[in-house]
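One structure is given here, and the rest of the page talks about it.
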Amino acid sequence: MCIAVSTNSLLEFRGGPKSQYAILVGKPLRALDSFTMTFWLRVRNRHSSGYIVSYSVKEHPNIFYLKLEAGSLVIKIYNETLNVGPLMTQENVWKHVTFSWDSKGGKYNVLSDSSKLGQKGAGGHFGSGLLLPASGETTLGARSHYFSNQKNSGRWDAESEEPEQSLQMDLSHFNVWFTVLPVREVRMIMKDCHLKYCGTAIRWTDFRDGTRGAVKLRWPSGVYNRCFGEWTDDEVTCDRYCSVIKGARCREEMIENVHWPRTEVSKTVEVECPGKAKVDGLVATRQCQITPAAGNKGKWAMPVIDACLSSETKEQIIRARDLSQNKLITYDVIFPFLARLINVTKPTASHTPNDLSAYIQVAEFILEFQADRIRNRNWLVERSQNEQSTKLYPNSTDIKVFMAQFVTVFNNLLPGGGNEKAWKLTKPFGQSLVHLFSIMTTFVDIHAGVLLRDVVVERSAPIAANFSQVMSKTSMDQEGGPFLSMAIRMEVHFSNHSSTLRYPREDQLLQGFSETRAIIKKNVWLGKSSLSKKRAFVVTTIFIGNVSEFLPNPAYEREKKPTEDALNSALYLIRFFPEDPSPMVQRDIVTTFSYLSTKNISDSQCFRLQYEKIRKGFVYKFAKQNCVRLHTTISRAMCTCEDSGSFYGVTTDMYDPNWVEEKIVIYFMNWATYFGCAMSALCSLLGFCILVFLRTTSNTSSLHKNTALAVGFAQLSLMCGIDLHEFLIPCRVFTIATLYFILCLFCWMMNQAFHIYSVVTYSVHNNDEVEDGSVIKFMIMGWVVPIIPVLIGALTKGDKFFHKGACFVSWDWFLIVGGPGVGIVFVTLLMKVIALKEYMQSSYSLSEKGNKLVVNYMKAGRSQWGTVLAMYCCLLVALRLHSTVLKFLFAIFSILQGSSLLCFSVLMNDEVRNILQNTYEGHKDKEEMDIIDELAEITHTQAVLAAHRLSKQRSAEKEGSFLKAIDEHSNSGRIPSPTDSNQEHYSPTGHRKRGIISQIMDVMGRGDHTAAAMQGGFDSGGPRDVQDENAMSFLDDSGMMDTAI
């Protein structure tokens, strides 16, 4: 069992060349060896033919179907076909049809309104032993689309040549059960008006998502307008049935803009006042009473809604009622009353739906007062002849003033200008607006006779008697300021002097509705028309602007804006006085309407608004009989009707089954934008890498690193993803990433503004010392907060959040991410102003270093914010206007932004410069130490080697000189002693050592150090102790050589 009010719907098939059908989506069937199929069927033309339902699998297209052929039911299973006989003998009458089948023995049963259909309504051996395969396609209103596939592949049969679907039918409550249901249960299903029975195999609601083409899904179906009851022989209403079963109750009603629920007798219902806050505690009350007559029925008392009305509104109602009932009130009091009414009815957001209904009732009372005074006035008595009596009645001037004031009140009450919220809360939706239109029609009829009398009796010129007024409003929902809400024109014409009339006149242009106009041909008052017998007549035209949102088609749910047969034009009233020439020949009055919406619409139809006053209010409908659409274009429709005197308009389906949306693709990237984004990303990421490589630790460097990272990722995601139109998921991923990183960039620049302020304030109190606190708060603000608005927009708006022509945010929902961005810019500018003010007041107390630091921060923030804002403004405008120039500007500002970030983040960063300077000096000292150590090691080694070589040389020279001396003295007879030799050749000792050092240096090739060695050490080139040590070791070696010598 299932209970759902939404299932009370129907599928409307109108035949014709357009494809129209409904398929079962997402619910594959199992193999069927038996089933029962029930549905309600109504045909518009019993001679039309077409499919009711078909079932197909790929190998066996159209393996089963039910179809009508000129009113006869034809059933097919596999290759077996059965013509049951006449089923639909009447048009526009609902019939409940049941077909059950069992493969065992081929038993079947066909019921029409739970009765066996003809002689072939039951039997056997139809599809005996057959099985309907699983996972097929169930189609309502057409044969399966598998036929088209098979036709293209060459597989075709005789049935493929049959004509297209032409069956004009309404289908409702189609259900399928897996088993054969007994006739008794079928009758229960047919008589169930509470929609409790749903199929076990297929439910009626399963087709809701499978409608294709021109088929229309409508609510309510109209099948259960009356229920069938087994407890009595007569058919009774559902309300009566429930009252008998559950006790007397008052029916559910909507009156006085309040929904009154079904209530037991002797109980009082309290309902919150519409448009009022719940905290106010204001309620409307109504009592359910039992009728004194026989029968168990409930009857509502009059509702009490005084608590839902403002004091001003209640006062206006009381005064208006007194005016309409008191015959002795002078006429002059009406003008201050209308002036006050104009003031209180001005559209504001404070109005409630009950206030609007009360003001409409006040306008009705005022018209009753005006009609009584005009009707009872003796127009043959001049005002000067009977001054006392004319105080009670108006003259021509008074009537013109009254008309102007009343039209202003009428315009104030129309939707727009601020009262839209109150209009949307009116219940039943649309009836209050129709009530207002009826009042305006009465207004026209009352005053048309006065204008005609002025021309015919008073001999006034028609141009002086005519009345014309154009009214406009300003609405938050309208772009471009004021919009035209209404225009009225009442003209007097003579029958024998008038030609074709064209509206609007030159002095009454319909701004925003340039194609809305009317043409009245002279055939209307010539020839056999009733107006041809009149000397003069009055033509009234009233134009009502966009009220489509507040006047739904009553054939659909009134709480929602319908997508089918929806009002899509202004309303135009053409009315004649003293009587309407009805009926007329078509094309005598031709009205052209501009569409309010031209996107994705179809099936435009002309209608006239018909309404009738009932006890609960007004009922109305869009009557299309005798109205013909002559011509239609993409922006307008031309209509004509056989009668006049009503409001006319155009309805359209707010979708086109054959419409393919023209996708506007925006290609933002070109060589300039690629180069700009690449350079900006390169500079930013290079700055980030340098700061990471140098291991900077200050808060300033941390802010620069994260800002550079945000800029680089934002530019890369924009460059790589903005033109990925053809790939849905990557496009949306890059859209979210781009928006996220752009907001991250804004947040990190705001963090820099806060840091500048902290640097300024801390420098004032600590004289150059900058506080390096925790950066966790900056991390949260820079990387966590930006994801919130992006996710909110993507998750709540779905597909609407994304741009259709580029991988970017939609303009309709740009404020979701643009609003936080503007807020961040505002906060950043505010913090910079505060920091600048603090700096200007205390800059004298800072040292030169502190002032330089603050100035650098200010310059960096100024340049970065300027280039970032200019860059993204060019991006947004370029996406909007598709301008190549703006793309080049975006590239230029991107390069400037990246280069300025690199300059201020790296080159002008004090911490970076200190690290580089210390690193350079440390490398220089180390290099000098290495050179000195190497020189010392080389000097020592070479000195030892040279000493040994010199020692050998000295030994050889000494030995040679000694032998020579022996020879010389042997000749002289004296042998020299070593002491003599030393005194002659080696004395003094210090001189000899210095000579040895000099010779060693010469041997080593370091003669430039000889003087330093002779002076006892090196004065330059390295540490003194190392050099002295090398020199002393050398002197020790030379001493050893002296000893050896």
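Here's how to read the names in the structure tokens: chain A, B, ... by the order shown, residue numbers from 1 in each chain, ligand numbers from 1 in the order shown.
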>> So that I can see what lies close to A:Thr200, please list as a list in words the residues with an atom at most 12 Å from it, counting only C-alpha atoms and leaving out residues fewer than 5 positions away in the same chain.
In response: Met1, Cys2, Lys27, Leu29, Arg30, Phe35, Thr36, Met37, Thr38, Phe174, Asn175, Val176, Trp177, Phe178, Thr179, Val180, Leu181 and Asp206 of chain A
Store the residues picked out above, limited to C-alpha atoms, as a PDB file, in the first residue's frame.
```pdb
ATOM      1  CA  MET A   1       0.000   0.000   0.000  1.00  0.00           C
ATOM      2  CA  CYS A   2       1.139   3.559  -0.657  1.00  0.00           C
ATOM      3  CA  LYS A  27      13.979   0.012 -12.392  1.00  0.00           C
ATOM      4  CA  LEU A  29      12.026  -5.760 -14.435  1.00  0.00           C
ATOM      5  CA  ARG A  30      12.561  -9.416 -13.775  1.00  0.00           C
ATOM      6  CA  PHE A  35       1.209  -9.954 -14.378  1.00  0.00           C
ATOM      7  CA  THR A  36      -1.726  -7.586 -13.940  1.00  0.00           C
ATOM      8  CA  MET A  37      -1.750  -4.131 -15.487  1.00  0.00           C
ATOM      9  CA  THR A  38      -4.213  -1.399 -14.408  1.00  0.00           C
ATOM     10  CA  PHE A 174      -0.471   3.040 -14.397  1.00  0.00           C
ATOM     11  CA  ASN A 175       0.514   0.144 -12.106  1.00  0.00           C
ATOM     12  CA  VAL A 176       1.754  -3.393 -12.735  1.00  0.00           C
ATOM     13  CA  TRP A 177       1.636  -6.358 -10.342  1.00  0.00           C
ATOM     14  CA  PHE A 178       3.706  -9.537 -10.579  1.00  0.00           C
ATOM     15  CA  THR A 179       0.643 -11.735 -10.117  1.00  0.00           C
ATOM     16  CA  VAL A 180      -2.855 -12.054 -11.531  1.00  0.00           C
ATOM     17  CA  LEU A 181      -5.216 -10.076  -9.302  1.00  0.00           C
ATOM     18  CA  ASP A 206       8.231   5.461 -11.398  1.00  0.00           C
TER      19      ASP A 206
END
```
>> So that I can check the secondary structure, give me every residue of stretch 581-658 of chain A assigned strand (DSSP E) by backbone DSSP, as number ranges by chain.
In response: A: 589-594, 602-614, 617-623, 627-632, 636-641, 647-653
File dump, residues just selected, C-alpha atoms, as a CSV table (one decimal), in the first residue's frame:
```csv
chain,number,residue,atom,x,y,z
A,589,ILE,CA,-8.7,42.9,-32.9
A,590,VAL,CA,-5.0,41.8,-33.1
A,591,THR,CA,-2.8,42.0,-30.0
A,592,THR,CA,0.9,41.5,-30.0
A,593,PHE,CA,2.7,40.5,-26.8
A,594,SER,CA,6.3,40.6,-25.9
A,602,SER,CA,7.8,26.5,-26.4
A,603,ASP,CA,4.1,26.0,-27.3
A,604,SER,CA,2.9,29.6,-27.0
A,605,GLN,CA,-0.9,29.9,-26.8
A,606,CYS,CA,-3.2,32.9,-26.5
A,607,PHE,CA,-5.8,33.1,-23.8
A,608,ARG,CA,-8.3,35.4,-22.1
A,609,LEU,CA,-8.7,35.6,-18.4
A,610,GLN,CA,-12.1,34.4,-17.2
A,611,TYR,CA,-13.1,34.7,-13.6
A,612,GLU,CA,-16.2,34.3,-11.4
A,613,LYS,CA,-17.0,35.4,-7.9
A,614,ILE,CA,-18.0,32.6,-5.5
A,617,GLY,CA,-13.5,34.4,-3.3
A,618,PHE,CA,-12.8,34.1,-7.0
A,619,VAL,CA,-12.2,31.3,-9.4
A,620,TYR,CA,-10.5,31.9,-12.7
A,621,LYS,CA,-9.0,30.1,-15.6
A,622,PHE,CA,-7.0,30.8,-18.8
A,623,ALA,CA,-9.6,30.2,-21.4
A,627,CYS,CA,-8.4,32.5,-29.3
A,628,VAL,CA,-5.9,32.0,-32.1
A,629,ARG,CA,-2.2,32.6,-32.3
A,630,LEU,CA,-1.6,34.2,-35.6
A,631,HIS,CA,2.2,34.4,-35.6
A,632,THR,CA,5.1,33.8,-33.3
A,636,ARG,CA,6.7,37.9,-29.4
A,637,ALA,CA,3.4,36.3,-30.3
A,638,MET,CA,0.5,37.8,-32.2
A,639,CYS,CA,-3.0,36.8,-31.0
A,640,THR,CA,-6.7,37.4,-31.9
A,641,CYS,CA,-9.9,36.4,-30.2
A,647,PHE,CA,-7.7,40.6,-20.0
A,648,TYR,CA,-5.6,38.9,-22.7
A,649,GLY,CA,-2.2,37.3,-22.5
A,650,VAL,CA,0.1,34.5,-23.8
A,651,THR,CA,1.1,31.3,-22.0
A,652,THR,CA,4.1,29.2,-22.9
A,653,ASP,CA,5.7,26.0,-21.6
```
>> So that I can see what lies close to A:Tyr51, please list as a PyMOL selection string the residues with an atom at most 12 Å from it, counting only C-alpha atoms and leaving out residues fewer than 2 positions away in the same chain.
In response: chain A and resi 13+15+20-22+48-49+53-55+62+64-76+138-144+162-169+171
>> Just to confirm, what's the straight-line distance from atom CA of A:Gln917 to atom CA of A:Tyr757 in Å (one decimal)?
In response: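 Going from atom CA of A:Gln917 over to atom CA of A:Tyr757 covers 28.4 Å.
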> Within 12 Å of A:Leu309, counting only C-alpha atoms, which residues qualify if same-chain residues fewer than 6 places away don't, as a ChimeraX atom specification?
Replying inline: /A:256-257,273-276,282-284,315-317,350-359
> Just how far from atom CA of A:Lys804 is atom CA of A:Asp723, in Å to one decimal?
Replying inline: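 These two atoms are separated by 11.4 Å.
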>> List as a PyMOL selection string the protein and nucleic acid residues near stretch 691-694 of chain A, meaning an atom at most 10 Å away when only C-alpha atoms are counted, but skip any in the same chain fewer than 5 places from it.
In response: chain A and resi 685-686+701-702+704-705+905-906+909+911-912+915-916
> Out of stretch 642-773 of chain A, which residues get helix (DSSP H, G or I) from DSSP, as an NGL selection string?
Replying inline: :A and (671-693 or 699-721 or 728-766)
> Could you pull the residues within 10 Å of stretch 773-787 of chain A, counting only C-alpha atoms, minus those fewer than 5 positions along the same chain, as JSON, numbers by chain?
Replying inline: {"A": [698, 699, 700, 702, 703, 706, 707, 710, 736, 737, 739, 740, 741, 742, 743, 744, 745, 746, 747, 748, 749, 750, 751, 752, 754, 755, 792, 817, 820, 821]}
>> Can you pull out the residues contacting A:Thr408? Cut-off 10 Å, using only C-alpha atoms, and skip same-chain residues under 2 positions away; I want them as JSON, numbers by chain.
In response: {"A": [338, 339, 341, 342, 345, 346, 402, 403, 404, 405, 406, 410, 411, 412, 413, 469, 470, 471, 472, 486]}
Can I get the selection written as a CSV table (one decimal), in the first residue's frame, with N, CA and C atoms?
```csv
chain,number,residue,atom,x,y,z
A,338,LEU,N,-9.0,59.3,-0.2
A,338,LEU,CA,-8.2,58.6,-1.2
A,338,LEU,C,-6.7,59.0,-1.1
A,339,ALA,N,-6.4,60.3,-0.7
A,339,ALA,CA,-5.1,60.7,-0.5
A,339,ALA,C,-4.4,59.9,0.6
A,341,LEU,N,-5.3,57.0,1.6
A,341,LEU,CA,-5.2,55.6,1.1
A,341,LEU,C,-4.0,55.4,0.2
A,342,ILE,N,-3.7,56.4,-0.6
A,342,ILE,CA,-2.6,56.3,-1.5
A,342,ILE,C,-1.3,56.2,-0.7
A,345,THR,N,-1.1,52.7,1.1
A,345,THR,CA,-0.9,51.5,0.2
A,345,THR,C,0.4,51.5,-0.5
A,346,LYS,N,1.3,52.5,-0.3
A,346,LYS,CA,2.6,52.5,-1.0
A,346,LYS,C,3.3,51.2,-0.7
A,402,PHE,N,-11.1,61.9,-9.2
A,402,PHE,CA,-11.3,60.6,-8.5
A,402,PHE,C,-10.6,59.5,-9.4
A,403,MET,N,-10.7,59.5,-10.7
A,403,MET,CA,-10.2,58.5,-11.5
A,403,MET,C,-8.6,58.5,-11.4
A,404,ALA,N,-8.0,59.6,-11.4
A,404,ALA,CA,-6.5,59.7,-11.2
A,404,ALA,C,-6.1,59.1,-9.9
A,405,GLN,N,-6.8,59.5,-8.8
A,405,GLN,CA,-6.4,59.0,-7.5
A,405,GLN,C,-6.7,57.5,-7.3
A,406,PHE,N,-7.8,57.0,-7.9
A,406,PHE,CA,-8.1,55.6,-7.7
A,406,PHE,C,-7.1,54.7,-8.5
A,410,PHE,N,-4.8,51.7,-7.3
A,410,PHE,CA,-4.7,50.4,-7.9
A,410,PHE,C,-3.3,50.0,-8.3
A,411,ASN,N,-2.5,51.0,-8.8
A,411,ASN,CA,-1.1,50.7,-9.1
A,411,ASN,C,-0.3,50.4,-7.8
A,412,ASN,N,-0.6,51.0,-6.7
A,412,ASN,CA,0.1,50.7,-5.5
A,412,ASN,C,-0.2,49.3,-5.0
A,413,LEU,N,-1.4,48.8,-5.3
A,413,LEU,CA,-1.7,47.4,-4.8
A,413,LEU,C,-1.2,46.4,-5.8
A,469,GLN,N,-3.4,57.5,-18.2
A,469,GLN,CA,-2.4,57.6,-17.1
A,469,GLN,C,-1.5,56.4,-17.2
A,470,VAL,N,-0.2,56.7,-17.0
A,470,VAL,CA,0.9,55.6,-17.1
A,470,VAL,C,1.5,55.6,-15.7
A,471,MET,N,1.7,54.4,-15.1
A,471,MET,CA,2.2,54.3,-13.8
A,471,MET,C,3.4,53.4,-13.8
A,472,SER,N,4.4,53.6,-13.0
A,472,SER,CA,5.6,52.8,-12.9
A,472,SER,C,5.9,52.5,-11.4
A,486,MET,N,1.7,49.6,-15.1
A,486,MET,CA,0.4,49.7,-15.7
A,486,MET,C,0.2,50.9,-16.5
```
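Nearest residue to A:Leu367, choosing from A:Gly721, A:Gly222, A:Asp445, A:Lys391 and counting only C-alpha atoms: A:Asp445.
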